[in-house]
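One file, work.pdb, carrying PDB, C-alpha atoms and all ligand atoms:
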```
ATOM      1  CA  MET A   1       0.000   0.000   0.000  1.00  0.00           C
ATOM      2  CA  LYS A   2       1.305   3.462  -0.907  1.00  0.00           C
ATOM      3  CA  THR A   3       0.393   6.357   1.376  1.00  0.00           C
ATOM      4  CA  ILE A   4      -0.592   9.833   0.210  1.00  0.00           C
ATOM      5  CA  TYR A   5      -0.219  12.459   2.937  1.00  0.00           C
ATOM      6  CA  VAL A   6      -2.944  15.131   2.877  1.00  0.00           C
ATOM      7  CA  LEU A   7      -1.661  17.894   5.156  1.00  0.00           C
ATOM      8  CA  ASN A   8      -3.781  20.824   6.314  1.00  0.00           C
ATOM      9  CA  GLY A   9      -2.532  23.872   8.155  1.00  0.00           C
ATOM     10  CA  PRO A  10      -3.943  26.446  10.570  1.00  0.00           C
ATOM     11  CA  ASN A  11      -7.662  27.121  10.895  1.00  0.00           C
ATOM     12  CA  LEU A  12      -8.594  24.339   8.485  1.00  0.00           C
ATOM     13  CA  ASN A  13      -9.931  22.359  11.473  1.00  0.00           C
ATOM     14  CA  LEU A  14     -12.773  24.899  11.319  1.00  0.00           C
ATOM     15  CA  LEU A  15     -13.612  24.077   7.716  1.00  0.00           C
ATOM     16  CA  GLY A  16     -17.413  24.166   7.336  1.00  0.00           C
ATOM     17  CA  LYS A  17     -17.779  26.683  10.180  1.00  0.00           C
ATOM     18  CA  ARG A  18     -15.218  29.327   9.258  1.00  0.00           C
ATOM     19  CA  GLN A  19     -16.176  31.959   6.638  1.00  0.00           C
ATOM     20  CA  PRO A  20     -18.366  29.513   4.665  1.00  0.00           C
ATOM     21  CA  GLU A  21     -18.877  32.174   1.988  1.00  0.00           C
ATOM     22  CA  ILE A  22     -15.164  31.682   1.170  1.00  0.00           C
ATOM     23  CA  TYR A  23     -14.386  28.109   2.234  1.00  0.00           C
ATOM     24  CA  GLY A  24     -17.807  26.443   1.853  1.00  0.00           C
ATOM     25  CA  HIS A  25     -19.872  24.274   4.201  1.00  0.00           C
ATOM     26  CA  ASP A  26     -17.997  20.992   3.879  1.00  0.00           C
ATOM     27  CA  THR A  27     -15.710  19.823   6.666  1.00  0.00           C
ATOM     28  CA  LEU A  28     -12.264  18.238   6.842  1.00  0.00           C
ATOM     29  CA  ASP A  29     -13.976  14.872   7.363  1.00  0.00           C
ATOM     30  CA  ASP A  30     -15.648  15.456   3.979  1.00  0.00           C
ATOM     31  CA  VAL A  31     -12.200  16.184   2.491  1.00  0.00           C
ATOM     32  CA  GLU A  32     -10.875  12.890   3.860  1.00  0.00           C
ATOM     33  CA  ARG A  33     -13.853  10.902   2.537  1.00  0.00           C
ATOM     34  CA  LEU A  34     -13.475  12.559  -0.877  1.00  0.00           C
ATOM     35  CA  CYS A  35      -9.735  11.818  -1.026  1.00  0.00           C
ATOM     36  CA  GLN A  36     -10.343   8.190  -0.071  1.00  0.00           C
ATOM     37  CA  SER A  37     -13.044   7.858  -2.715  1.00  0.00           C
ATOM     38  CA  VAL A  38     -10.800   9.028  -5.569  1.00  0.00           C
ATOM     39  CA  ALA A  39      -7.560   7.304  -4.513  1.00  0.00           C
ATOM     40  CA  HIS A  40      -6.721   4.423  -6.836  1.00  0.00           C
ATOM     41  CA  ASP A  41      -6.519   0.849  -5.533  1.00  0.00           C
ATOM     42  CA  GLY A  42      -3.294   0.319  -3.642  1.00  0.00           C
ATOM     43  CA  PHE A  43      -3.223   3.862  -2.209  1.00  0.00           C
ATOM     44  CA  ALA A  44      -4.075   4.910   1.357  1.00  0.00           C
ATOM     45  CA  ILE A  45      -4.849   8.452   2.520  1.00  0.00           C
ATOM     46  CA  ARG A  46      -3.255   9.807   5.688  1.00  0.00           C
ATOM     47  CA  GLN A  47      -4.989  13.124   6.325  1.00  0.00           C
ATOM     48  CA  LEU A  48      -3.658  15.353   9.110  1.00  0.00           C
ATOM     49  CA  GLN A  49      -4.311  18.895  10.311  1.00  0.00           C
ATOM     50  CA  SER A  50      -2.399  21.151  12.681  1.00  0.00           C
ATOM     51  CA  ASN A  51      -2.416  24.776  13.698  1.00  0.00           C
ATOM     52  CA  HIS A  52       1.341  24.510  14.456  1.00  0.00           C
ATOM     53  CA  GLU A  53       4.092  25.004  11.898  1.00  0.00           C
ATOM     54  CA  GLY A  54       6.594  22.591  13.520  1.00  0.00           C
ATOM     55  CA  GLN A  55       4.013  19.807  13.581  1.00  0.00           C
ATOM     56  CA  ILE A  56       3.537  20.165   9.827  1.00  0.00           C
ATOM     57  CA  VAL A  57       7.332  20.038   9.367  1.00  0.00           C
ATOM     58  CA  ASP A  58       7.413  16.826  11.467  1.00  0.00           C
ATOM     59  CA  TRP A  59       4.684  15.213   9.334  1.00  0.00           C
ATOM     60  CA  ILE A  60       6.595  16.068   6.159  1.00  0.00           C
ATOM     61  CA  HIS A  61       9.618  14.317   7.689  1.00  0.00           C
ATOM     62  CA  GLU A  62       7.381  11.320   8.456  1.00  0.00           C
ATOM     63  CA  ALA A  63       6.233  11.338   4.816  1.00  0.00           C
ATOM     64  CA  ARG A  64       9.892  11.066   3.744  1.00  0.00           C
ATOM     65  CA  GLU A  65       9.819   7.550   5.222  1.00  0.00           C
ATOM     66  CA  ASP A  66       6.233   6.455   4.554  1.00  0.00           C
ATOM     67  CA  GLY A  67       4.702   8.666   1.883  1.00  0.00           C
ATOM     68  CA  CYS A  68       4.588   8.399  -1.914  1.00  0.00           C
ATOM     69  CA  GLY A  69       3.281  11.969  -2.328  1.00  0.00           C
ATOM     70  CA  ILE A  70       2.033  14.984  -0.428  1.00  0.00           C
ATOM     71  CA  VAL A  71      -1.099  17.094  -0.928  1.00  0.00           C
ATOM     72  CA  ILE A  72      -0.702  20.237   1.145  1.00  0.00           C
ATOM     73  CA  ASN A  73      -2.962  23.121   2.039  1.00  0.00           C
ATOM     74  CA  ALA A  74      -0.747  24.936   4.521  1.00  0.00           C
ATOM     75  CA  GLY A  75      -3.345  27.667   5.153  1.00  0.00           C
ATOM     76  CA  ALA A  76      -1.704  30.952   6.057  1.00  0.00           C
ATOM     77  CA  TYR A  77       1.714  29.246   6.400  1.00  0.00           C
ATOM     78  CA  THR A  78       1.653  29.009   2.607  1.00  0.00           C
ATOM     79  CA  HIS A  79       2.468  32.695   2.509  1.00  0.00           C
ATOM     80  CA  THR A  80       5.007  32.820   5.355  1.00  0.00           C
ATOM     81  CA  SER A  81       6.781  29.544   6.019  1.00  0.00           C
ATOM     82  CA  VAL A  82      10.328  28.987   4.818  1.00  0.00           C
ATOM     83  CA  ALA A  83      10.454  26.077   7.316  1.00  0.00           C
ATOM     84  CA  ILE A  84       7.678  24.206   5.487  1.00  0.00           C
ATOM     85  CA  LEU A  85       9.329  24.934   2.118  1.00  0.00           C
ATOM     86  CA  ASP A  86      12.643  23.587   3.451  1.00  0.00           C
ATOM     87  CA  ALA A  87      10.909  20.450   4.748  1.00  0.00           C
ATOM     88  CA  LEU A  88       9.166  19.869   1.398  1.00  0.00           C
ATOM     89  CA  ASN A  89      12.539  20.217  -0.318  1.00  0.00           C
ATOM     90  CA  THR A  90      13.707  17.138   1.650  1.00  0.00           C
ATOM     91  CA  PHE A  91      10.839  15.059   0.213  1.00  0.00           C
ATOM     92  CA  ASP A  92      11.488  13.159  -3.025  1.00  0.00           C
ATOM     93  CA  GLY A  93       7.948  12.412  -4.280  1.00  0.00           C
ATOM     94  CA  PRO A  94       5.363  14.661  -5.906  1.00  0.00           C
ATOM     95  CA  VAL A  95       3.927  17.589  -3.951  1.00  0.00           C
ATOM     96  CA  ILE A  96       0.634  19.231  -4.948  1.00  0.00           C
ATOM     97  CA  GLU A  97      -0.350  22.531  -3.329  1.00  0.00           C
ATOM     98  CA  VAL A  98      -4.076  23.109  -2.801  1.00  0.00           C
ATOM     99  CA  HIS A  99      -6.086  26.193  -1.888  1.00  0.00           C
ATOM    100  CA  ILE A 100      -9.826  25.920  -1.491  1.00  0.00           C
ATOM    101  CA  SER A 101     -10.314  29.585  -2.378  1.00  0.00           C
ATOM    102  CA  GLN A 102      -9.028  31.445  -5.409  1.00  0.00           C
ATOM    103  CA  VAL A 103      -6.194  33.134  -3.551  1.00  0.00           C
ATOM    104  CA  HIS A 104      -5.273  35.336  -6.522  1.00  0.00           C
ATOM    105  CA  LYS A 105      -8.661  37.093  -6.310  1.00  0.00           C
ATOM    106  CA  ARG A 106      -8.046  37.876  -2.646  1.00  0.00           C
ATOM    107  CA  GLU A 107      -5.659  40.114  -0.677  1.00  0.00           C
ATOM    108  CA  SER A 108      -2.234  40.597  -2.240  1.00  0.00           C
ATOM    109  CA  PHE A 109      -0.457  38.919   0.703  1.00  0.00           C
ATOM    110  CA  ARG A 110      -2.138  35.664  -0.397  1.00  0.00           C
ATOM    111  CA  HIS A 111      -0.645  35.884  -3.894  1.00  0.00           C
ATOM    112  CA  HIS A 112       2.810  34.741  -2.863  1.00  0.00           C
ATOM    113  CA  SER A 113       3.419  31.114  -1.874  1.00  0.00           C
ATOM    114  CA  TYR A 114       6.693  29.678  -0.566  1.00  0.00           C
ATOM    115  CA  ILE A 115       5.257  26.213  -1.205  1.00  0.00           C
ATOM    116  CA  SER A 116       4.862  26.920  -4.920  1.00  0.00           C
ATOM    117  CA  MET A 117       8.663  27.034  -5.173  1.00  0.00           C
ATOM    118  CA  ARG A 118       8.606  23.250  -4.547  1.00  0.00           C
ATOM    119  CA  ALA A 119       5.133  22.146  -5.658  1.00  0.00           C
ATOM    120  CA  ASP A 120       4.763  20.047  -8.813  1.00  0.00           C
ATOM    121  CA  GLY A 121       1.202  21.349  -9.182  1.00  0.00           C
ATOM    122  CA  VAL A 122      -0.820  24.200  -7.713  1.00  0.00           C
ATOM    123  CA  ILE A 123      -4.626  24.230  -7.486  1.00  0.00           C
ATOM    124  CA  ALA A 124      -6.652  27.215  -6.276  1.00  0.00           C
ATOM    125  CA  GLY A 125     -10.332  28.068  -6.279  1.00  0.00           C
ATOM    126  CA  LEU A 126     -11.824  24.640  -7.017  1.00  0.00           C
ATOM    127  CA  GLY A 127     -13.139  24.146  -3.486  1.00  0.00           C
ATOM    128  CA  LEU A 128     -12.810  20.592  -2.198  1.00  0.00           C
ATOM    129  CA  GLU A 129     -12.453  19.304  -5.756  1.00  0.00           C
ATOM    130  CA  GLY A 130      -8.883  20.641  -5.597  1.00  0.00           C
ATOM    131  CA  TYR A 131      -7.974  17.939  -3.074  1.00  0.00           C
ATOM    132  CA  ALA A 132      -9.537  15.249  -5.262  1.00  0.00           C
ATOM    133  CA  ALA A 133      -7.634  16.437  -8.340  1.00  0.00           C
ATOM    134  CA  ALA A 134      -4.408  16.501  -6.332  1.00  0.00           C
ATOM    135  CA  VAL A 135      -4.895  12.929  -5.075  1.00  0.00           C
ATOM    136  CA  ARG A 136      -5.689  11.703  -8.608  1.00  0.00           C
ATOM    137  CA  ARG A 137      -2.536  13.384  -9.907  1.00  0.00           C
ATOM    138  CA  ILE A 138      -0.332  11.803  -7.242  1.00  0.00           C
ATOM    139  CA  CYS A 139      -1.825   8.379  -8.015  1.00  0.00           C
ATOM    140  CA  GLN A 140      -1.035   8.900 -11.726  1.00  0.00           C
ATOM    141  CA  LEU A 141       2.509  10.065 -11.038  1.00  0.00           C
ATOM    142  CA  THR A 142       3.429   7.283  -8.611  1.00  0.00           C
ATOM    143  CA  GLN A 143       1.477   4.310  -9.991  1.00  0.00           C
ATOM    144  CA  GLY A 144       3.411   1.283 -11.142  1.00  0.00           C
TER     145      GLY A 144
HETATM  146  C1  LIG B   1      -6.622  28.698   3.383  1.00  0.00           C
HETATM  147  C2  LIG B   1      -6.234  29.601   4.325  1.00  0.00           C
HETATM  148  O1  LIG B   1      -6.400  29.343   5.618  1.00  0.00           O
HETATM  149  C3  LIG B   1      -5.670  30.908   3.960  1.00  0.00           C
HETATM  150  O2  LIG B   1      -4.758  31.392   4.914  1.00  0.00           O
HETATM  151  C4  LIG B   1      -5.038  30.892   2.588  1.00  0.00           C
HETATM  152  C5  LIG B   1      -6.326  28.874   1.946  1.00  0.00           C
HETATM  153  C6  LIG B   1      -5.998  30.292   1.559  1.00  0.00           C
HETATM  154  C7  LIG B   1      -7.373  28.213   1.075  1.00  0.00           C
HETATM  155  O3  LIG B   1      -7.918  28.836   0.179  1.00  0.00           O
HETATM  156  O4  LIG B   1      -7.619  27.018   1.265  1.00  0.00           O
HETATM  157  O5  LIG B   1      -4.661  32.194   2.207  1.00  0.00           O
END
```
As structure tokens - that is how I would like this structure written.
Amino acid sequence: MKTIYVLNGPNLNLLGKRQPEIYGHDTLDDVERLCQSVAHDGFAIRQLQSNHEGQIVDWIHEAREDGCGIVINAGAYTHTSVAILDALNTFDGPVIEVHISQVHKRESFRHHSYISMRADGVIAGLGLEGYAAAVRRICQLTQG
């Protein structure tokens, strides 16, 4: 079994409750169910969420050992975290960056992403479908 890490950063634990006009009404449990439903046979989803930068770094290190790919929505750390970029640069498999909202239509501080400097794909504004597309892409890239 190959494991795809689906990592979520700060405030995404409140998905479904937080600013639903931007992030929608679905929850992180819905994200996990969706990812599991689109993962090809032979792939497992390990979805995790933390409000703490170092915890996300630790999970990326864990993925170095156990993961075939990483889907990451680092929340606000996307725009600030060199530490998460450095951690992703230690990971050999594909990395897909996801944003639920269309960050480029929003405040200018959301237009820059440190994670994009490492990501093999970037998805923004597709809502939860972005996670599904990212999982499908990692399955394609690492199958066989
Ligand atoms: C989620 C967040 O929490 C924000 O800080 C990002 C991202 C956008 C999203 O669209 O999923 O700026």
Explicit residue set for the PyMOL selection byres (((chain A and resi 43-51) around 8) and not hetatm), as a VMD selection string: chain A and resid 1 to 13 32 35 to 36 39 to 42 52 to 53 55 to 56 139
If you take every atom of ligand LIG 1 (chain B) that the file lists and fit an axis-aligned box around them with 6 Å extra on each side, what centre and edge lengths come out in Å to one decimal, as AutoDock Vina command-line options?
```
--center_x -6.3 --center_y 29.6 --center_z 2.9 --size_x 15.3 --size_y 17.2 --size_z 17.4
```
Near-ligand residues for ligand LIG 1 (chain B), threshold 6 Å, only C-alpha atoms and all ligand atoms, as a ChimeraX atom specification: /A:11,75-76,99-101,103,110
Since we have the selection now, will you write its residues out, keeping C-alpha atoms, as a PDB file, keeping the file's coordinate frame?
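part-v3.pdb, freshly written:
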```pdb
ATOM      1  CA  ASN A  11      -7.662  27.121  10.895  1.00  0.00           C
ATOM      2  CA  GLY A  75      -3.345  27.667   5.153  1.00  0.00           C
ATOM      3  CA  ALA A  76      -1.704  30.952   6.057  1.00  0.00           C
ATOM      4  CA  HIS A  99      -6.086  26.193  -1.888  1.00  0.00           C
ATOM      5  CA  ILE A 100      -9.826  25.920  -1.491  1.00  0.00           C
ATOM      6  CA  SER A 101     -10.314  29.585  -2.378  1.00  0.00           C
ATOM      7  CA  VAL A 103      -6.194  33.134  -3.551  1.00  0.00           C
ATOM      8  CA  ARG A 110      -2.138  35.664  -0.397  1.00  0.00           C
TER       9      ARG A 110
END
```
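Between Ile138 in chain A and the residues A:Glu65, A:Tyr23, A:Asp120, A:Leu15, the shortest atom-to-atom distance, using all atoms listed in the file, involves A:Asp120.
Listed by chain and then by number, the residues chosen by the PyMOL selection byres (((chain A and resi 122-128) around 6) and not hetatm) in this file are Ile96, Glu97, Val98, His99, Ile100, Ser101, Gln102, Gly121, Glu129, Gly130 and Tyr131 of chain A.
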Between CA of Gly54 in chain A and CA of Ala133 in chain A - distance in Å to one decimal: 26.8 Å
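Distances from A:Glu107, A:Asp86, A:Asp92, A:Asp29 to Ala63 in chain A were compared using only C-alpha atoms, and the smallest one belongs to A:Asp92.
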